[in-house]
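Q: Submitted below is the structure of interest, expressed as C-alpha cells.
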Amino acid sequence: MTDTLREAYRVMRTIRAFEERVHDEFATGEIPGFGPLYAGEEASAAGVCAHLDDRDTIAGAHRGHGHCIAKGVDVKAMMAEIYGRKTGSCHGKGGSLHIADLSKGMLGAHGIAGGGPPLICGTALAAKQQNTGGVGVAFFGEGAGNQGTTLEALNLASVWDLPALFVAENNGYAEVTSSTWSVASDNIADRAAGFGVPGVIVDGFDFFAIHEAAGEAVERARDGGGPTLIEIKFTRFPGDGALDCLELFRTRVTESGELREQVLDDIDAEVAKLIEESVSEAKAAPKPTPEDLETDVYVSY
Amino acid sequence: MGETVAGIVANPASGRDIRRLVAQASVFPTAEKANMVQRLLAAFAVTGLDRALVSTDLGGISAAVLKALGRGGTWPTVDFCADDPITGTAADTTNAVRRMVAAGAGVIVVLGGDGTARVAAAACEDVPILALSTGTNNAFPQMREATVAGLAAGLIASGQVDPDLVTHRVSVLEVVTKARREIALVDVCVSTSRHIGARALWDPATLTELYCTFAEPDGIGLSSVPGQLCPSPRSSPDGVALQLGPVDETPYVVHAPIAPGLVRPVGVRGWGVLKPGMRVELAASGGVIALDGERELELKTGESAFVELKPDGPWVVDVRATMAEAARKGLLRTETELGKERRR
C-alpha cells in the first residue's frame, strides 16, 4: 500500500503543479487557445487511475490535463502540446482540449462536453471481445451528464454489459452555469438506476473514498460484472475542515504513520523540478511547420 | 396549546454509497425523498398541525419541495431551515435538528439511513424522533409509508396523542476517543481497515469486535450476527458484545445479512451480555471504528477508545401505537349527520 500511496501523491502533486503553472503561463499570452484546469479535483483522476494499467483506456473531459497525467502521459510532452510545439503529445496540433496519447490508453480530452463516453464504449467492447480484461473509463462533468452522448453511452454499456466505468466529476458548475439551473436530477448517480447500472456517490476531496469505490468498480468490470457510474462530488462547501485533497491526504498518511513528511516533501521537490523543465523545454521546442499540417491527418486503408 | 410545530430532516446523501456497487442495496433517488417530504406534509395538514420546519439541502430535496409549494396544495405553513450555511456534511443534519428543537417541534421526522438517524439522535435532546428509511442498512429507521408516519407525527406534535403513551427511550452506544465522543444507535464495530475510505463495511474479514444495543433475528446489518446467535430484543436494557475472527479460526460462524444483498459468513470467537454503564476498552489502535455500519473514526497507532451502553438515548415514536391510540380516540374519524341519525 505504501507504494500505491506514494505514487498517488506524486500524481496528485504533479497535476496540481502542472495546472498552477499552466494557469500562470496562460496569463502571459504565450499559450494559444484555452485551457480549463483540473486543480482541486486531483483525487478523482489519481484515485481512479491507480487501478488502471496498459490494458485500460480513459477518455478525459473538458478539463483533461489531470486525467492525462494520472494515466501516465508524459508531462513534458503535455506541456509542449499546450504550447503548440512539435514535441507535444499530438505534435502541437491538439492543444489543451484535444490532448491525447493513444500509446498510454488516453483517448483524449474533449472540446465538446460528452465526447468521451461513447469512445470508451468502443474500447470497452474491444477489450471484451478480445478478452484482455481491459476497462474503458470516461471522466465527464455534470454538464456533460446532460448530453445525449453520455446517456446513450450509459445505455449501450449496460445493454452490452461492457467493462466500462463512468466517472461523473460534479463540481456544481458547467463552465459558468450552476447545476441548479441546468441539471434536472441533482445527483448524476440517480440516473444510473434508469439504465440498470449501479450508481454511487463519493466525496471528491477524499482520495481514500474514491480509491476504494473505483477499485470495486474496476474489479467488477474486469470480472464481467458490467458498467458502473461513480459520481464524485466536489460540491462541499468550506467551513468543515480542509477541502484540499492534497492537504487532507498528507495529514491522513502522516498521522497514520504510513508515509513520512520527508517522503512527501521530496516528491514535491521532484515534481517542481519536472514542471520547471517541462516549461523551459516546451518554450525552446520548435513549432510545427506548414508541412506538418497534413501529416497524421489522412489514413489510407 | 400555542403554535404546533413538527420538523422534517431529509438527508440528500443517504442511500447512495458504495453498497449500490458491492451489493445490490436499494437506490433512494432525490426525487423519491422529495416525494416523501410532500407525503409527510400532506398528512401533517390533515392532523391540523400549524407549521412544518423542513431542512434545506443542496441535493435538490428542499428545492423540489419549494417548487411543489408554489403549485398550491393543502399543507401546513412550511418554513425551511435556511439560517445555517450548508456544508454538505453531517453537520447540516445536526444544525437542522437543533433549529427544530429550538422552534419547539413536537416531533422530528428523519429521512435517512442508520447514519442519519444517529446524527439526528445526538442533537434532538428530548424531542421524539421518527426515523424513516431512505438509506442502506436501516436497522434503526423503519421501512414505512411516509403518509402514515406523517399522520402519527402530526397527531403527536399537534397535541392530540400524548407522547408519553406512544414514545419510548432507546439505548445508545457511546464511543469515546481522545478527540471525539460519538454515539451509535445499533452497533459499534472495530475494523482492521486503515482508512475510513468509502465508509461502508462489507468485508467481514476485517472485523474484530462488535457491540450492539439490540440484536434481532430478522435484523439487517451487523446486528444480525448476534441476532442469529444470541438475540437481544430492543426492549431489553442490555446489549450484546461479540469477539469476531477469521471463519477458519472461530468456534461459531454465522451466515448473516450484514448489508442488503450480502449474506456473509462471520466468524465469532465468543459473546457476552453488555450491561448498561459498563465501560469497555476497544482494541482499535491503528484501525477504524464503525458506527451503525459506517467507518467513522480512524485511530492512530497507540490511540485508545472506549465504548459504553447508555440508557439515555433519544425518544422514539412508535407509529403503530400512535395510530392505535388515534383509532381508540377516534382522532381520524368524524361523525356525519347520517351517522348521528343512524345512532338515533
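Ordering of the C-alpha cells sets the chain letters (A, B, ...); residue numbers start at 1 within each chain; ligands are numbered from 1 in the order shown.
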Excluding range 33-48 of chain B and its own-chain neighbours fewer than 5 positions away, which residues fall within 8 Å of it when counting only C-alpha atoms? Please give them as a list of chain:residue names.
A: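 Residues meeting the cut-off are B:Ile8, B:Ala10, B:Pro12, B:Phe28, B:Gly60, B:Ile61, B:Ser62, B:Ala64, B:Val65, B:Thr74, B:Trp75, B:Pro76, B:Leu111, B:Thr134, B:Ala146, B:Thr147, B:Val148, B:Ala149, B:Gly150, B:Leu151, B:Ala153, B:Gly154, B:Leu155, B:Ser158.
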Q: Could you list, as an mmCIF file with C-alpha atoms, in the first residue's frame, every residue within 10 Å of range 176-183 of chain A, counting only C-alpha atoms and ignoring same-chain residues fewer than 6 positions away?
A:
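Generated output (part-v5.cif):
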```cif
data_model
loop_
_atom_site.group_PDB
_atom_site.id
_atom_site.type_symbol
_atom_site.label_atom_id
_atom_site.label_comp_id
_atom_site.auth_asym_id
_atom_site.auth_seq_id
_atom_site.Cartn_x
_atom_site.Cartn_y
_atom_site.Cartn_z
ATOM 1 C CA GLU A 142 -22.162 17.176 -14.682
ATOM 2 C CA GLY A 143 -22.683 19.419 -17.702
ATOM 3 C CA GLY A 145 -24.112 14.381 -17.965
ATOM 4 C CA ASN A 146 -26.898 16.268 -19.742
ATOM 5 C CA ASN A 170 -19.627 17.036 -10.324
ATOM 6 C CA LEU B 58 -28.137 21.415 -1.993
ATOM 7 C CA GLY B 59 -29.083 17.952 -3.231
ATOM 8 C CA GLY B 60 -32.428 19.024 -4.650
ATOM 9 C CA ALA B 63 -35.746 22.708 -3.914
#
```
Q: Can you list, as a count of residues only, every protein, DNA or RNA residue that comes within 7 Å of Glu298 in chain B when you count only C-alpha atoms, leaving out same-chain residues fewer than 3 positions away?
A: 5
Q: Could you pull out all residues of range 21-270 of chain A with a DSSP call of strand (DSSP E) and give them as a VMD selection string?
A: chain A and resid 57 to 59 136 to 141 164 to 170 173 to 174 177 to 178 199 to 203 228 to 233
Q: Could you give me, as a tab-separated table, every chain A residue with an atom at most 6 Å from chain B, plus its closest atom pair and distance in Å to one decimal, counting only C-alpha atoms, rows ordered by chain then number?
A:
```
residue	atom	partner	partner_atom	distance
A:Asp186	CA	B:Gly60	CA	5.6
A:Asp190	CA	B:Pro29	CA	5.4
A:Pro198	CA	B:Leu21	CA	5.5
A:Val200	CA	B:Asp17	CA	5.2
A:Ile201	CA	B:Arg16	CA	5.7
A:Phe208	CA	B:Gly197	CA	4.5
A:Ala209	CA	B:Gly197	CA	3.9
A:Arg236	CA	B:Gly88	CA	4.9
A:Phe237	CA	B:Thr87	CA	5.0
A:Ser256	CA	B:Lys300	CA	5.5
```
Q: Find the residues around range 170-181 of chain B up to 6 Å (only C-alpha atoms counted), leave out those fewer than 6 positions away in its own chain, and share them as JSON, numbers by chain.
A: {"B": [305, 306, 307, 308, 309, 310, 311, 312, 313, 314]}
Q: In Å, with one decimal, what is the gap from CA of Leu222 in chain B to CA of Pro251 in chain B?
A: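 Going from CA of Leu222 in chain B over to CA of Pro251 in chain B, I get 18.5 Å.
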Q: Just want the 10 Å neighbourhood of Asp218 in chain B, counted on only C-alpha atoms, with same-chain residues fewer than 2 positions away dropped. Output as a tab-separated table (two decimals) with N, CA and C atoms, in the first residue's frame.
A:
```tsv
chain	number	residue	atom	x	y	z
B	139	ALA	N	-31.26	-0.67	10.14
B	139	ALA	CA	-31.59	-1.47	11.30
B	139	ALA	C	-32.41	-0.61	12.26
B	215	ALA	N	-30.26	-6.93	19.20
B	215	ALA	CA	-29.91	-7.87	18.13
B	215	ALA	C	-31.15	-8.70	17.83
B	216	GLU	N	-31.73	-8.45	16.66
B	216	GLU	CA	-32.96	-9.14	16.31
B	216	GLU	C	-32.68	-10.22	15.26
B	220	ILE	N	-31.14	-6.53	9.84
B	220	ILE	CA	-30.24	-6.37	8.70
B	220	ILE	C	-29.06	-5.54	9.19
B	223	SER	N	-25.86	-6.12	13.29
B	223	SER	CA	-26.57	-6.65	14.46
B	223	SER	C	-27.27	-7.97	14.14
B	224	SER	N	-27.34	-8.32	12.85
B	224	SER	CA	-27.94	-9.61	12.50
B	224	SER	C	-27.03	-10.78	12.90
B	227	GLY	N	-28.00	-11.42	16.23
B	227	GLY	CA	-29.43	-11.72	16.05
B	227	GLY	C	-29.67	-13.20	15.81
B	228	GLN	N	-28.72	-13.86	15.14
B	228	GLN	CA	-28.87	-15.29	14.87
B	228	GLN	C	-28.14	-16.15	15.89
B	231	PRO	N	-29.82	-13.51	20.38
B	231	PRO	CA	-30.72	-12.36	20.21
B	231	PRO	C	-30.95	-11.58	21.50
B	256	ALA	N	-24.75	-14.19	8.01
B	256	ALA	CA	-25.55	-13.03	8.42
B	256	ALA	C	-25.74	-12.05	7.27
B	257	PRO	N	-26.96	-11.49	7.15
B	257	PRO	CA	-27.18	-10.42	6.17
B	257	PRO	C	-26.56	-9.11	6.66
```
Q: Considering only alpha helix (DSSP H) as DSSP defines it on the backbone, what residues of range 189-292 of chain A qualify? List them as a ChimeraX atom specification.
A: /A:207-222,245-255,261-284
Q: Convert the current residue selection to file output with C-alpha atoms, as a PDB file, in the first residue's frame.
A:
```
ATOM      1  CA  PHE A 207      -8.702  10.174  -2.094  1.00  0.00           C
ATOM      2  CA  PHE A 208      -9.361   7.079   0.022  1.00  0.00           C
ATOM      3  CA  ALA A 209     -13.114   7.070  -0.616  1.00  0.00           C
ATOM      4  CA  ILE A 210     -12.586   7.475  -4.364  1.00  0.00           C
ATOM      5  CA  HIS A 211      -9.802   4.906  -4.495  1.00  0.00           C
ATOM      6  CA  GLU A 212     -11.894   2.301  -2.715  1.00  0.00           C
ATOM      7  CA  ALA A 213     -15.072   2.846  -4.751  1.00  0.00           C
ATOM      8  CA  ALA A 214     -13.173   2.909  -8.045  1.00  0.00           C
ATOM      9  CA  GLY A 215     -11.293  -0.251  -7.064  1.00  0.00           C
ATOM     10  CA  GLU A 216     -14.547  -2.132  -6.589  1.00  0.00           C
ATOM     11  CA  ALA A 217     -15.977  -0.789  -9.862  1.00  0.00           C
ATOM     12  CA  VAL A 218     -12.867  -1.653 -11.906  1.00  0.00           C
ATOM     13  CA  GLU A 219     -12.702  -5.139 -10.412  1.00  0.00           C
ATOM     14  CA  ARG A 220     -16.390  -5.650 -11.157  1.00  0.00           C
ATOM     15  CA  ALA A 221     -15.869  -4.545 -14.772  1.00  0.00           C
ATOM     16  CA  ARG A 222     -12.818  -6.802 -15.235  1.00  0.00           C
ATOM     17  CA  CYS A 245      -7.382  16.809  -1.333  1.00  0.00           C
ATOM     18  CA  LEU A 246      -3.599  17.086  -1.184  1.00  0.00           C
ATOM     19  CA  GLU A 247      -3.579  18.560   2.326  1.00  0.00           C
ATOM     20  CA  LEU A 248      -6.155  16.017   3.513  1.00  0.00           C
ATOM     21  CA  PHE A 249      -4.090  13.186   2.045  1.00  0.00           C
ATOM     22  CA  ARG A 250      -0.883  14.456   3.626  1.00  0.00           C
ATOM     23  CA  THR A 251      -2.473  14.732   7.058  1.00  0.00           C
ATOM     24  CA  ARG A 252      -4.024  11.286   6.882  1.00  0.00           C
ATOM     25  CA  VAL A 253      -0.961   9.338   5.740  1.00  0.00           C
ATOM     26  CA  THR A 254       1.466  11.093   8.047  1.00  0.00           C
ATOM     27  CA  GLU A 255      -0.808  10.772  11.093  1.00  0.00           C
ATOM     28  CA  GLU A 261       6.597  14.135   5.768  1.00  0.00           C
ATOM     29  CA  GLN A 262      10.072  13.984   4.262  1.00  0.00           C
ATOM     30  CA  VAL A 263       8.966  11.466   1.630  1.00  0.00           C
ATOM     31  CA  LEU A 264       6.156  13.793   0.575  1.00  0.00           C
ATOM     32  CA  ASP A 265       8.416  16.864   0.602  1.00  0.00           C
ATOM     33  CA  ASP A 266      10.893  15.060  -1.642  1.00  0.00           C
ATOM     34  CA  ILE A 267       8.098  14.279  -4.095  1.00  0.00           C
ATOM     35  CA  ASP A 268       7.063  17.954  -4.067  1.00  0.00           C
ATOM     36  CA  ALA A 269      10.635  18.975  -4.945  1.00  0.00           C
ATOM     37  CA  GLU A 270      10.974  16.390  -7.730  1.00  0.00           C
ATOM     38  CA  VAL A 271       7.661  17.450  -9.227  1.00  0.00           C
ATOM     39  CA  ALA A 272       8.567  21.151  -9.085  1.00  0.00           C
ATOM     40  CA  LYS A 273      11.777  20.392 -10.976  1.00  0.00           C
ATOM     41  CA  LEU A 274       9.912  18.346 -13.595  1.00  0.00           C
ATOM     42  CA  ILE A 275       7.388  21.118 -14.223  1.00  0.00           C
ATOM     43  CA  GLU A 276      10.129  23.740 -14.482  1.00  0.00           C
ATOM     44  CA  GLU A 277      11.974  21.637 -17.046  1.00  0.00           C
ATOM     45  CA  SER A 278       8.801  20.893 -18.983  1.00  0.00           C
ATOM     46  CA  VAL A 279       8.111  24.620 -19.416  1.00  0.00           C
ATOM     47  CA  SER A 280      11.640  25.583 -20.428  1.00  0.00           C
ATOM     48  CA  GLU A 281      11.858  22.640 -22.834  1.00  0.00           C
ATOM     49  CA  ALA A 282       8.454  23.455 -24.320  1.00  0.00           C
ATOM     50  CA  LYS A 283       9.399  27.065 -24.879  1.00  0.00           C
ATOM     51  CA  ALA A 284      12.626  26.025 -26.611  1.00  0.00           C
TER      52      ALA A 284
END
```
Q: Could you list, as number ranges by chain, every residue within 9 Å of Thr123 in chain A, counting only C-alpha atoms and ignoring same-chain residues fewer than 4 positions away?
A: A: 56-58, 119, 127-128, 134-136, 164
Q: Can I get the selected residues back with C-alpha atoms, as a tab-separated table (two decimals), in the first residue's frame?
A:
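The resulting file, selection03.tsv, is shown below:
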```
chain	number	residue	atom	x	y	z
A	56	ASP	CA	-7.22	0.10	-19.94
A	57	THR	CA	-8.28	3.23	-21.76
A	58	ILE	CA	-9.65	6.51	-20.49
A	119	LEU	CA	-15.45	6.38	-27.21
A	127	ALA	CA	-11.49	-5.36	-24.56
A	128	LYS	CA	-14.50	-7.59	-24.01
A	134	GLY	CA	-9.29	-4.13	-20.09
A	135	VAL	CA	-11.67	-1.48	-18.83
A	136	GLY	CA	-12.81	1.74	-20.51
A	164	ALA	CA	-16.91	0.39	-18.53
```
Q: Distance CA of Gly239 in chain B-CA of Phe140 in chain B, one decimal place?
A: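 Pair CA of Gly239 in chain B / CA of Phe140 in chain B returns 14.7 Å.
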Q: Could you jot down the CA of Ser232 in chain B to CA of Glu325 in chain B separation for me, Å, one decimal place?
A: 27.4 Å
Q: Got a sec: who's within 8 Å of His98 in chain A, counting only C-alpha atoms, leaving out chain neighbours fewer than 2 positions off, as JSON, numbers by chain?
A: {"A": [94, 95, 96, 100, 108, 109, 110, 111]}
Q: For Arg13 in chain A, which of A:Glu25, A:Glu42, A:Glu258, A:Glu169 is the closest residue, counting only C-alpha atoms?
A: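 Closest to Arg13 in chain A, using only C-alpha atoms: A:Glu42.
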